[in-house]
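I have placed the structure first, in the form of structure tokens, so that the comments after it can refer back to it.
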Amino acid sequence: MSSLYERLGGEAAVDAAVDKFYRRVLKDDRIAHYFDGVDMDRQAAKQKAFLTMAFGGPNNYTDRDMQLAHAHLNGLDDTHFDAVVENLGTTLKEMGVADELIGEVAAVAETTRDAVLQRI
Amino acid sequence: MPSLKFEGQELEVEGGESVLDTLLRHGVSLDHGCRAGSCQSCLLRSENEVPPATRQGLDDSVVEAGGFLACVAKAKDVTQATRFSPDFFPKYPAALVEKKLLAPDVLLARFDAPGFPRCPGRFLQLESASGVRRPYSVATSGLSESNLTDLHVRLIPGGAMSQALMDAQVGDQFAVQGPFGKCSYRPGREDELLLLVGSGTGLAPLYAVATDALHDGHTGPVHLFFGSSCPDRLYFLDELRDLAARFSPFKLTLCVDADPVNEIVQGSPIAHALSTYPELDEATVYSCGHPDLVKAAQRQCFLAGASLKRIFVDAFVPASGQ
């Protein structure tokens, strides 16, 4: 029984998703301002790391890492987190990924909510 | 207990932790980002051999300089490290062989630097005999057979390197270090659109990349959008028009903020680039020059569909306080 990451297509799937996901995020008025002025190459690398984790792939993130990484973002709340997960879902749908796999990815992303929103 | 020597300190290492984790645990303030070997923020340098996996994705010159990624390397495998510095890149003696003004405030400085790799579009650190160091892009035409290194230097009143070059005689010794940066022609997609967007001396690397592409037989459009505040600030126009006349893939659009004359259009080079090519899914983009232009070009071209991995930028930031 292969892992979620393998079923999604591994690193190649992440690479295909990063540009699409990042583009959606930059065009989403609810969250775009959090990404303004950030070095784009560095941000893309973080998106890739986030997507790798959300796809069930290898990652070294701890809750503390997620918390620290988002600590400086003023006014970050559940609506912003929801917007990111929504964009992730739309990206995967656009790529033709099956609904139940999208659900599994959303569930993995969900496990970071409290850390991201400084609630741990 | 295994330990890691870091900038004079001996730090004890726990288990199989990464170099990054060791350093952070000991309170070392080290830049880091993705923790996955991708963003290269945690680049360090070791004098010793490091496992190849810790150098994945690094430029050859960074590898040669001893670079490795702290988040990938296990502390027990790396016994010594320091922060990475461009000082570790190889330095080559460079003799000034020619200098001439391309515009009232742009100097062509041509160097003979044996051993310095041919790298049109990438940049180097130029060092004068008195120790002034400034970065410049390699402007040498990719169509030229010469091994000389051309730089287009914006002359800044009171600028230390500007003065050094104005005072320099042919034959004077400088040094060059590098190459740095990602602006280089990548062969393999010869019929795609190459979009080049720049201002001021950002022209230098774009010209080098364009000529390199044409030399390589690129058949797709190689379209340069070159902008400035007014027509007088555009330079190298004879060479550019000549290139357009000789090579059908090369297209030139000159842009100014005000007072357009002849074929020069009004508006920013990025605005004209996007109105000419609104969809950039199958394009490679290069943008060099003023940081505001370059950042806008990167973002807007990405939003227009270009892959971030195919957008290569170089923002020219003047040295301050010199």
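For the structure tokens, the naming scheme is as follows: chains receive sequential letters (A, B, ...) according to their order of presentation, residues are indexed from 1 within each chain, and ligands are indexed from 1 in presentation order.
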
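What chain A places within 6 Å of chain B, counting only C-alpha atoms, is Arg23, Arg42, Ala45, Lys46 and Ala49 of chain A.
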
Emit the selected residues as an mmCIF file, in the first residue's frame, including C-alpha atoms.
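The resulting file, again.cif, is shown below:
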data_model
loop_
_atom_site.group_PDB
_atom_site.id
_atom_site.type_symbol
_atom_site.label_atom_id
_atom_site.label_comp_id
_atom_site.auth_asym_id
_atom_site.auth_seq_id
_atom_site.Cartn_x
_atom_site.Cartn_y
_atom_site.Cartn_z
ATOM 1 C CA ARG A 23 0.263 32.015 -8.182
ATOM 2 C CA ARG A 42 12.891 31.982 -1.042
ATOM 3 C CA ALA A 45 11.282 27.165 -1.614
ATOM 4 C CA LYS A 46 9.120 27.420 1.505
ATOM 5 C CA ALA A 49 8.617 22.509 1.632
#

When you look at B:Ser3 with a cut-off of 7 Å (counting only C-alpha atoms), what residues show up, excluding the ones that are within fewer than 6 positions of it in the same chain? I need them as a list of chain:residue names.
B:Glu10, B:Leu11, B:Glu12, B:Val13, B:Thr79

I need the chosen residues saved as a tab-separated table (two decimals), in the first residue's frame, with all heavy atoms.
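Output below, filename again_27.tsv:
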chain	number	residue	atom	x	y	z
B	10	GLU	N	33.68	25.31	19.99
B	10	GLU	CA	33.57	23.86	19.91
B	10	GLU	C	32.17	23.54	20.44
B	10	GLU	O	31.90	23.71	21.62
B	10	GLU	CB	34.65	23.25	20.81
B	10	GLU	CG	34.89	21.78	20.62
B	10	GLU	CD	35.96	21.49	19.57
B	10	GLU	OE1	36.89	22.32	19.43
B	10	GLU	OE2	35.87	20.45	18.91
B	11	LEU	N	31.27	23.05	19.58
B	11	LEU	CA	29.88	22.82	20.00
B	11	LEU	C	29.59	21.32	20.05
B	11	LEU	O	29.85	20.61	19.09
B	11	LEU	CB	28.92	23.47	18.99
B	11	LEU	CG	29.16	24.95	18.70
B	11	LEU	CD1	28.23	25.42	17.59
B	11	LEU	CD2	28.95	25.80	19.95
B	12	GLU	N	29.04	20.86	21.21
B	12	GLU	CA	28.78	19.41	21.24
B	12	GLU	C	27.53	19.09	20.42
B	12	GLU	O	26.58	19.86	20.35
B	12	GLU	CB	28.72	18.82	22.64
B	12	GLU	CG	28.01	19.55	23.74
B	12	GLU	CD	26.49	19.48	23.69
B	12	GLU	OE1	25.94	18.48	23.17
B	12	GLU	OE2	25.86	20.43	24.15
B	13	VAL	N	27.62	17.92	19.82
B	13	VAL	CA	26.62	17.47	18.86
B	13	VAL	C	25.79	16.36	19.48
B	13	VAL	O	26.33	15.47	20.13
B	13	VAL	CB	27.33	16.93	17.59
B	13	VAL	CG1	26.37	16.20	16.68
B	13	VAL	CG2	28.02	18.07	16.87
B	79	THR	N	32.94	18.20	10.56
B	79	THR	CA	33.64	18.50	11.81
B	79	THR	C	33.93	19.98	12.00
B	79	THR	O	34.13	20.45	13.11
B	79	THR	CB	34.97	17.73	11.89
B	79	THR	OG1	35.61	17.87	10.62
B	79	THR	CG2	34.72	16.26	12.17

Could you pull out the strand (DSSP E or B) residues of stretch 85-302 of chain B from DSSP and send them as a PyMOL selection string?
chain B and resi 91-103+106-112+123-127+133-138+149-154+173-180+193-199+222-228+250-256+265-266+283-289

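Between atom CA of A:Tyr5 and atom CA of B:Arg55 the interatomic distance comes to 24.5 Å.
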
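One distance worth recording is that between atom CA of A:Leu92 and atom CA of A:Asp15, which is 12.1 Å.
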
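The helix (DSSP H, G or I) portion of stretch 27-153 of chain B consists of Pro52, Ala53, Thr54, Arg55, Asp60, Ser61, Val62, Val63, Glu64, Ala75, Lys76, Asp77, Pro86, Asp87 and Phe88 of chain B, with states taken from DSSP on the backbone.
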
Take the residues from that selection and write them out as an mmCIF file, in the first residue's frame, keeping all heavy atoms.
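Output saved as out-v4.cif:
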data_model
loop_
_atom_site.group_PDB
_atom_site.id
_atom_site.type_symbol
_atom_site.label_atom_id
_atom_site.label_comp_id
_atom_site.auth_asym_id
_atom_site.auth_seq_id
_atom_site.Cartn_x
_atom_site.Cartn_y
_atom_site.Cartn_z
ATOM 1 N N PRO B 52 28.211 14.584 -0.606
ATOM 2 C CA PRO B 52 27.653 15.218 -1.798
ATOM 3 C C PRO B 52 26.198 15.653 -1.637
ATOM 4 O O PRO B 52 25.792 16.682 -2.175
ATOM 5 C CB PRO B 52 27.762 14.133 -2.880
ATOM 6 C CG PRO B 52 28.791 13.187 -2.396
ATOM 7 C CD PRO B 52 28.837 13.277 -0.910
ATOM 8 N N ALA B 53 25.420 14.898 -0.862
ATOM 9 C CA ALA B 53 24.000 15.241 -0.698
ATOM 10 C C ALA B 53 23.826 16.619 -0.067
ATOM 11 O O ALA B 53 22.813 17.287 -0.270
ATOM 12 C CB ALA B 53 23.295 14.194 0.160
ATOM 13 N N THR B 54 24.840 17.052 0.680
ATOM 14 C CA THR B 54 24.722 18.337 1.355
ATOM 15 C C THR B 54 25.019 19.505 0.413
ATOM 16 O O THR B 54 24.920 20.660 0.796
ATOM 17 C CB THR B 54 25.697 18.442 2.555
ATOM 18 O OG1 THR B 54 27.036 18.470 2.045
ATOM 19 C CG2 THR B 54 25.540 17.267 3.488
ATOM 20 N N ARG B 55 25.410 19.164 -0.833
ATOM 21 C CA ARG B 55 25.746 20.216 -1.810
ATOM 22 C C ARG B 55 24.775 20.209 -2.992
ATOM 23 O O ARG B 55 24.996 20.886 -3.988
ATOM 24 C CB ARG B 55 27.169 20.010 -2.316
ATOM 25 C CG ARG B 55 28.186 19.964 -1.180
ATOM 26 C CD ARG B 55 29.592 20.029 -1.693
ATOM 27 N NE ARG B 55 29.839 19.082 -2.752
ATOM 28 C CZ ARG B 55 30.784 18.149 -2.724
ATOM 29 N NH1 ARG B 55 31.547 18.019 -1.666
ATOM 30 N NH2 ARG B 55 30.947 17.348 -3.747
ATOM 31 N N ASP B 60 28.425 25.197 -9.180
ATOM 32 C CA ASP B 60 29.789 24.636 -9.157
ATOM 33 C C ASP B 60 30.752 25.507 -8.369
ATOM 34 O O ASP B 60 31.585 25.018 -7.610
ATOM 35 C CB ASP B 60 30.337 24.529 -10.596
ATOM 36 C CG ASP B 60 29.600 23.452 -11.374
ATOM 37 O OD1 ASP B 60 28.913 22.630 -10.735
ATOM 38 O OD2 ASP B 60 29.713 23.435 -12.607
ATOM 39 N N SER B 61 30.629 26.848 -8.577
ATOM 40 C CA SER B 61 31.597 27.716 -7.912
ATOM 41 C C SER B 61 31.381 27.725 -6.400
ATOM 42 O O SER B 61 32.330 27.844 -5.634
ATOM 43 C CB SER B 61 31.533 29.135 -8.480
ATOM 44 O OG SER B 61 30.199 29.553 -8.597
ATOM 45 N N VAL B 62 30.135 27.551 -5.969
ATOM 46 C CA VAL B 62 29.848 27.483 -4.530
ATOM 47 C C VAL B 62 30.424 26.186 -3.958
ATOM 48 O O VAL B 62 31.002 26.165 -2.869
ATOM 49 C CB VAL B 62 28.324 27.553 -4.270
ATOM 50 C CG1 VAL B 62 27.992 27.343 -2.800
ATOM 51 C CG2 VAL B 62 27.767 28.890 -4.735
ATOM 52 N N VAL B 63 30.275 25.107 -4.696
ATOM 53 C CA VAL B 63 30.825 23.813 -4.272
ATOM 54 C C VAL B 63 32.340 23.901 -4.166
ATOM 55 O O VAL B 63 32.944 23.463 -3.187
ATOM 56 C CB VAL B 63 30.416 22.698 -5.267
ATOM 57 C CG1 VAL B 63 31.182 21.417 -4.998
ATOM 58 C CG2 VAL B 63 28.925 22.459 -5.194
ATOM 59 N N GLU B 64 32.940 24.519 -5.188
ATOM 60 C CA GLU B 64 34.393 24.659 -5.203
ATOM 61 C C GLU B 64 34.866 25.489 -4.021
ATOM 62 O O GLU B 64 35.953 25.280 -3.497
ATOM 63 C CB GLU B 64 34.802 25.356 -6.500
ATOM 64 C CG GLU B 64 36.184 24.979 -6.970
ATOM 65 C CD GLU B 64 36.602 25.793 -8.179
ATOM 66 O OE1 GLU B 64 35.867 25.757 -9.189
ATOM 67 O OE2 GLU B 64 37.651 26.462 -8.085
ATOM 68 N N ALA B 75 25.550 16.908 11.685
ATOM 69 C CA ALA B 75 26.667 17.510 12.404
ATOM 70 C C ALA B 75 27.792 16.512 12.636
ATOM 71 O O ALA B 75 28.971 16.878 12.651
ATOM 72 C CB ALA B 75 26.190 18.108 13.715
ATOM 73 N N LYS B 76 27.446 15.212 12.801
ATOM 74 C CA LYS B 76 28.516 14.250 13.067
ATOM 75 C C LYS B 76 29.356 13.971 11.819
ATOM 76 O O LYS B 76 30.445 13.441 11.905
ATOM 77 C CB LYS B 76 27.945 12.954 13.644
ATOM 78 C CG LYS B 76 26.956 12.241 12.740
ATOM 79 C CD LYS B 76 26.446 10.980 13.439
ATOM 80 C CE LYS B 76 25.294 10.291 12.727
ATOM 81 N NZ LYS B 76 25.572 9.910 11.341
ATOM 82 N N ASP B 77 28.861 14.378 10.629
ATOM 83 C CA ASP B 77 29.621 14.164 9.396
ATOM 84 C C ASP B 77 30.489 15.360 9.033
ATOM 85 O O ASP B 77 31.351 15.279 8.172
ATOM 86 C CB ASP B 77 28.668 13.920 8.210
ATOM 87 C CG ASP B 77 27.906 12.613 8.344
ATOM 88 O OD1 ASP B 77 28.391 11.722 9.053
ATOM 89 O OD2 ASP B 77 26.825 12.510 7.736
ATOM 90 N N PRO B 86 31.290 35.143 0.110
ATOM 91 C CA PRO B 86 31.761 35.171 -1.271
ATOM 92 C C PRO B 86 33.286 35.283 -1.361
ATOM 93 O O PRO B 86 33.860 34.997 -2.400
ATOM 94 C CB PRO B 86 31.120 36.436 -1.862
ATOM 95 C CG PRO B 86 29.966 36.720 -0.988
ATOM 96 C CD PRO B 86 30.312 36.219 0.374
ATOM 97 N N ASP B 87 33.935 35.660 -0.244
ATOM 98 C CA ASP B 87 35.407 35.709 -0.225
ATOM 99 C C ASP B 87 36.011 34.367 -0.571
ATOM 100 O O ASP B 87 37.154 34.293 -1.009
ATOM 101 C CB ASP B 87 35.923 36.092 1.170
ATOM 102 C CG ASP B 87 35.652 37.552 1.475
ATOM 103 O OD1 ASP B 87 35.397 38.307 0.529
ATOM 104 O OD2 ASP B 87 35.703 37.914 2.658
ATOM 105 N N PHE B 88 35.257 33.302 -0.347
ATOM 106 C CA PHE B 88 35.814 31.976 -0.597
ATOM 107 C C PHE B 88 35.834 31.616 -2.076
ATOM 108 O O PHE B 88 36.396 30.607 -2.469
ATOM 109 C CB PHE B 88 35.009 30.908 0.167
ATOM 110 C CG PHE B 88 35.124 31.032 1.663
ATOM 111 C CD1 PHE B 88 33.991 31.110 2.447
ATOM 112 C CD2 PHE B 88 36.362 31.060 2.277
ATOM 113 C CE1 PHE B 88 34.086 31.228 3.831
ATOM 114 C CE2 PHE B 88 36.470 31.176 3.655
ATOM 115 C CZ PHE B 88 35.327 31.257 4.431
#

Contacts of stretch 112-117 of chain B at 12 Å or less, counting only C-alpha atoms, minus same-chain residues fewer than 4 places along, as an MDAnalysis selection string?
chainID B and resid 60:61 89:98 121:126 138 140 146:151 170:180

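Of the residues listed (B:Gly220, B:Leu214, B:Pro291, B:Arg45), B:Arg45 shows the shortest atom-to-atom separation from B:Leu58; distances use only C-alpha atoms.
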
Choose the residue, out of A:Leu26, A:Val84, A:Ala54, A:Leu68, that has the smallest atom-to-atom separation from A:Gly103; count only C-alpha atoms.
A:Ala54

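Nearest residue to A:Pro58, choosing from A:Val38, A:Leu88, A:Leu4, A:Leu117 and counting only C-alpha atoms: A:Leu4.
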
If we count only C-alpha atoms and set the cut-off at 8 Å, which residues sit around B:Gly200, ignoring sequence neighbours fewer than 6 positions away in its own chain? Please answer as a PyMOL selection string.
chain B and resi 226-228+233-234+289-290

Mind checking which residues fall within 7 Å of B:Leu107, counting only C-alpha atoms, ignoring those fewer than 4 positions away in the same chain, and posting them as a PyMOL selection string?
chain B and resi 99-102+152-155

Can I get the selected residues back with all heavy atoms, as a PDB file, in the first residue's frame?
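Below is the file that was written, part.pdb:
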ATOM      1  N   LYS B  99      39.348  50.839 -22.139  1.00  0.00           N
ATOM      2  CA  LYS B  99      38.214  51.493 -21.500  1.00  0.00           C
ATOM      3  C   LYS B  99      37.719  52.587 -22.424  1.00  0.00           C
ATOM      4  O   LYS B  99      38.507  53.299 -23.047  1.00  0.00           O
ATOM      5  CB  LYS B  99      38.559  52.027 -20.112  1.00  0.00           C
ATOM      6  CG  LYS B  99      39.602  53.093 -20.054  1.00  0.00           C
ATOM      7  CD  LYS B  99      39.849  53.480 -18.586  1.00  0.00           C
ATOM      8  CE  LYS B  99      40.215  54.935 -18.512  1.00  0.00           C
ATOM      9  NZ  LYS B  99      40.598  55.389 -17.186  1.00  0.00           N
ATOM     10  N   LYS B 100      36.401  52.688 -22.549  1.00  0.00           N
ATOM     11  CA  LYS B 100      35.835  53.783 -23.347  1.00  0.00           C
ATOM     12  C   LYS B 100      34.427  54.068 -22.867  1.00  0.00           C
ATOM     13  O   LYS B 100      33.723  53.190 -22.373  1.00  0.00           O
ATOM     14  CB  LYS B 100      35.840  53.442 -24.838  1.00  0.00           C
ATOM     15  CG  LYS B 100      34.817  52.439 -25.290  1.00  0.00           C
ATOM     16  CD  LYS B 100      34.844  52.291 -26.818  1.00  0.00           C
ATOM     17  CE  LYS B 100      33.727  51.363 -27.273  1.00  0.00           C
ATOM     18  NZ  LYS B 100      34.002  50.610 -28.456  1.00  0.00           N
ATOM     19  N   LEU B 101      34.047  55.330 -23.053  1.00  0.00           N
ATOM     20  CA  LEU B 101      32.714  55.728 -22.609  1.00  0.00           C
ATOM     21  C   LEU B 101      31.672  55.262 -23.627  1.00  0.00           C
ATOM     22  O   LEU B 101      31.796  55.507 -24.824  1.00  0.00           O
ATOM     23  CB  LEU B 101      32.628  57.248 -22.460  1.00  0.00           C
ATOM     24  CG  LEU B 101      33.330  57.829 -21.231  1.00  0.00           C
ATOM     25  CD1 LEU B 101      33.269  59.349 -21.272  1.00  0.00           C
ATOM     26  CD2 LEU B 101      32.697  57.314 -19.942  1.00  0.00           C
ATOM     27  N   LEU B 102      30.641  54.586 -23.147  1.00  0.00           N
ATOM     28  CA  LEU B 102      29.517  54.192 -24.003  1.00  0.00           C
ATOM     29  C   LEU B 102      28.422  55.250 -23.934  1.00  0.00           C
ATOM     30  O   LEU B 102      27.546  55.331 -24.788  1.00  0.00           O
ATOM     31  CB  LEU B 102      28.941  52.844 -23.527  1.00  0.00           C
ATOM     32  CG  LEU B 102      29.896  51.656 -23.597  1.00  0.00           C
ATOM     33  CD1 LEU B 102      29.266  50.425 -22.952  1.00  0.00           C
ATOM     34  CD2 LEU B 102      30.261  51.344 -25.052  1.00  0.00           C
ATOM     35  N   HIS B 152      30.020  46.920 -18.104  1.00  0.00           N
ATOM     36  CA  HIS B 152      29.449  48.256 -18.318  1.00  0.00           C
ATOM     37  C   HIS B 152      29.322  48.887 -16.939  1.00  0.00           C
ATOM     38  O   HIS B 152      28.505  48.461 -16.129  1.00  0.00           O
ATOM     39  CB  HIS B 152      28.055  48.186 -18.960  1.00  0.00           C
ATOM     40  CG  HIS B 152      28.061  47.668 -20.365  1.00  0.00           C
ATOM     41  ND1 HIS B 152      26.931  47.669 -21.159  1.00  0.00           N
ATOM     42  CD2 HIS B 152      29.052  47.147 -21.134  1.00  0.00           C
ATOM     43  CE1 HIS B 152      27.220  47.167 -22.348  1.00  0.00           C
ATOM     44  NE2 HIS B 152      28.491  46.834 -22.356  1.00  0.00           N
ATOM     45  N   VAL B 153      30.123  49.893 -16.685  1.00  0.00           N
ATOM     46  CA  VAL B 153      30.168  50.473 -15.343  1.00  0.00           C
ATOM     47  C   VAL B 153      29.411  51.789 -15.313  1.00  0.00           C
ATOM     48  O   VAL B 153      29.744  52.727 -16.036  1.00  0.00           O
ATOM     49  CB  VAL B 153      31.641  50.711 -14.919  1.00  0.00           C
ATOM     50  CG1 VAL B 153      31.712  51.368 -13.554  1.00  0.00           C
ATOM     51  CG2 VAL B 153      32.412  49.395 -14.937  1.00  0.00           C
ATOM     52  N   ARG B 154      28.393  51.874 -14.469  1.00  0.00           N
ATOM     53  CA  ARG B 154      27.700  53.150 -14.271  1.00  0.00           C
ATOM     54  C   ARG B 154      28.643  54.032 -13.464  1.00  0.00           C
ATOM     55  O   ARG B 154      29.044  53.658 -12.363  1.00  0.00           O
ATOM     56  CB  ARG B 154      26.392  52.918 -13.500  1.00  0.00           C
ATOM     57  CG  ARG B 154      25.772  54.178 -12.900  1.00  0.00           C
ATOM     58  CD  ARG B 154      24.938  54.942 -13.877  1.00  0.00           C
ATOM     59  NE  ARG B 154      23.851  54.140 -14.406  1.00  0.00           N
ATOM     60  CZ  ARG B 154      23.257  54.372 -15.587  1.00  0.00           C
ATOM     61  NH1 ARG B 154      23.645  55.374 -16.339  1.00  0.00           N
ATOM     62  NH2 ARG B 154      22.283  53.598 -16.007  1.00  0.00           N
ATOM     63  N   LEU B 155      29.026  55.174 -14.003  1.00  0.00           N
ATOM     64  CA  LEU B 155      29.949  56.065 -13.288  1.00  0.00           C
ATOM     65  C   LEU B 155      29.160  56.900 -12.295  1.00  0.00           C
ATOM     66  O   LEU B 155      28.239  57.633 -12.670  1.00  0.00           O
ATOM     67  CB  LEU B 155      30.680  56.962 -14.299  1.00  0.00           C
ATOM     68  CG  LEU B 155      31.605  56.197 -15.243  1.00  0.00           C
ATOM     69  CD1 LEU B 155      32.141  57.116 -16.333  1.00  0.00           C
ATOM     70  CD2 LEU B 155      32.745  55.530 -14.474  1.00  0.00           C
TER      71      LEU B 155
END

Please indicate the distance in Å from atom CA of B:Asp105 to atom CA of B:Phe247, rounded to one decimal place.
28.7 Å

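Distance annotation: of B:Arg118, B:Arg310, B:Arg241, B:His223, the residue with the minimal separation from B:Leu143 is B:Arg118; atom set is only C-alpha atoms.
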
Of A:Arg113, A:His70, A:Asp82, A:Glu6, the one nearest to A:Phe35 when counting only C-alpha atoms is A:His70

Check the smallest atom-to-atom distance from each of A:Val25, A:Val18, A:Ala44, A:Ile31 to A:Asn74 using only C-alpha atoms, then report the winner.
A:Ile31

A:Gly56 surroundings by only C-alpha atoms, 12 Å radius, close-in-sequence under 2 positions cut, as JSON, numbers by chain
{"A": [2, 3, 4, 5, 6, 7, 8, 9, 10, 11, 13, 14, 49, 50, 51, 52, 53, 54, 58, 59, 60, 101, 102, 104, 105, 106, 107, 108, 109, 111]}

Put those residues in a file: C-alpha atoms, as a PDB file, in the first residue's frame.
ATOM      1  CA  SER A   2       1.816   3.114  -1.161  1.00  0.00           C
ATOM      2  CA  SER A   3       1.973   6.311   0.872  1.00  0.00           C
ATOM      3  CA  LEU A   4      -0.081   9.444   0.154  1.00  0.00           C
ATOM      4  CA  TYR A   5       3.058  11.083  -1.186  1.00  0.00           C
ATOM      5  CA  GLU A   6       3.686   8.226  -3.601  1.00  0.00           C
ATOM      6  CA  ARG A   7       0.050   8.130  -4.704  1.00  0.00           C
ATOM      7  CA  LEU A   8       0.163  11.858  -5.452  1.00  0.00           C
ATOM      8  CA  GLY A   9       3.306  11.474  -7.550  1.00  0.00           C
ATOM      9  CA  GLY A  10       6.095  12.418  -5.154  1.00  0.00           C
ATOM     10  CA  GLU A  11       8.480  15.283  -5.791  1.00  0.00           C
ATOM     11  CA  ALA A  13       3.841  16.400  -8.218  1.00  0.00           C
ATOM     12  CA  VAL A  14       5.090  18.932  -5.679  1.00  0.00           C
ATOM     13  CA  ALA A  49       8.617  22.509   1.632  1.00  0.00           C
ATOM     14  CA  PHE A  50       5.038  23.141   2.807  1.00  0.00           C
ATOM     15  CA  LEU A  51       3.539  21.226  -0.095  1.00  0.00           C
ATOM     16  CA  THR A  52       5.956  18.358   0.443  1.00  0.00           C
ATOM     17  CA  MET A  53       4.775  18.137   4.020  1.00  0.00           C
ATOM     18  CA  ALA A  54       1.088  18.477   3.091  1.00  0.00           C
ATOM     19  CA  PRO A  58       9.624  13.841   3.883  1.00  0.00           C
ATOM     20  CA  ASN A  59      10.013  16.951   5.992  1.00  0.00           C
ATOM     21  CA  ASN A  60      11.831  18.090   9.100  1.00  0.00           C
ATOM     22  CA  LEU A 101      -6.569  12.395  -2.091  1.00  0.00           C
ATOM     23  CA  ILE A 102      -7.300  16.113  -1.834  1.00  0.00           C
ATOM     24  CA  GLU A 104      -6.079  13.507   2.772  1.00  0.00           C
ATOM     25  CA  VAL A 105      -3.811  16.444   1.886  1.00  0.00           C
ATOM     26  CA  ALA A 106      -6.190  18.886   3.572  1.00  0.00           C
ATOM     27  CA  ALA A 107      -6.130  16.701   6.679  1.00  0.00           C
ATOM     28  CA  VAL A 108      -2.342  16.813   6.837  1.00  0.00           C
ATOM     29  CA  ALA A 109      -2.335  20.590   6.339  1.00  0.00           C
ATOM     30  CA  THR A 111      -2.534  19.384  11.624  1.00  0.00           C
TER      31      THR A 111
END
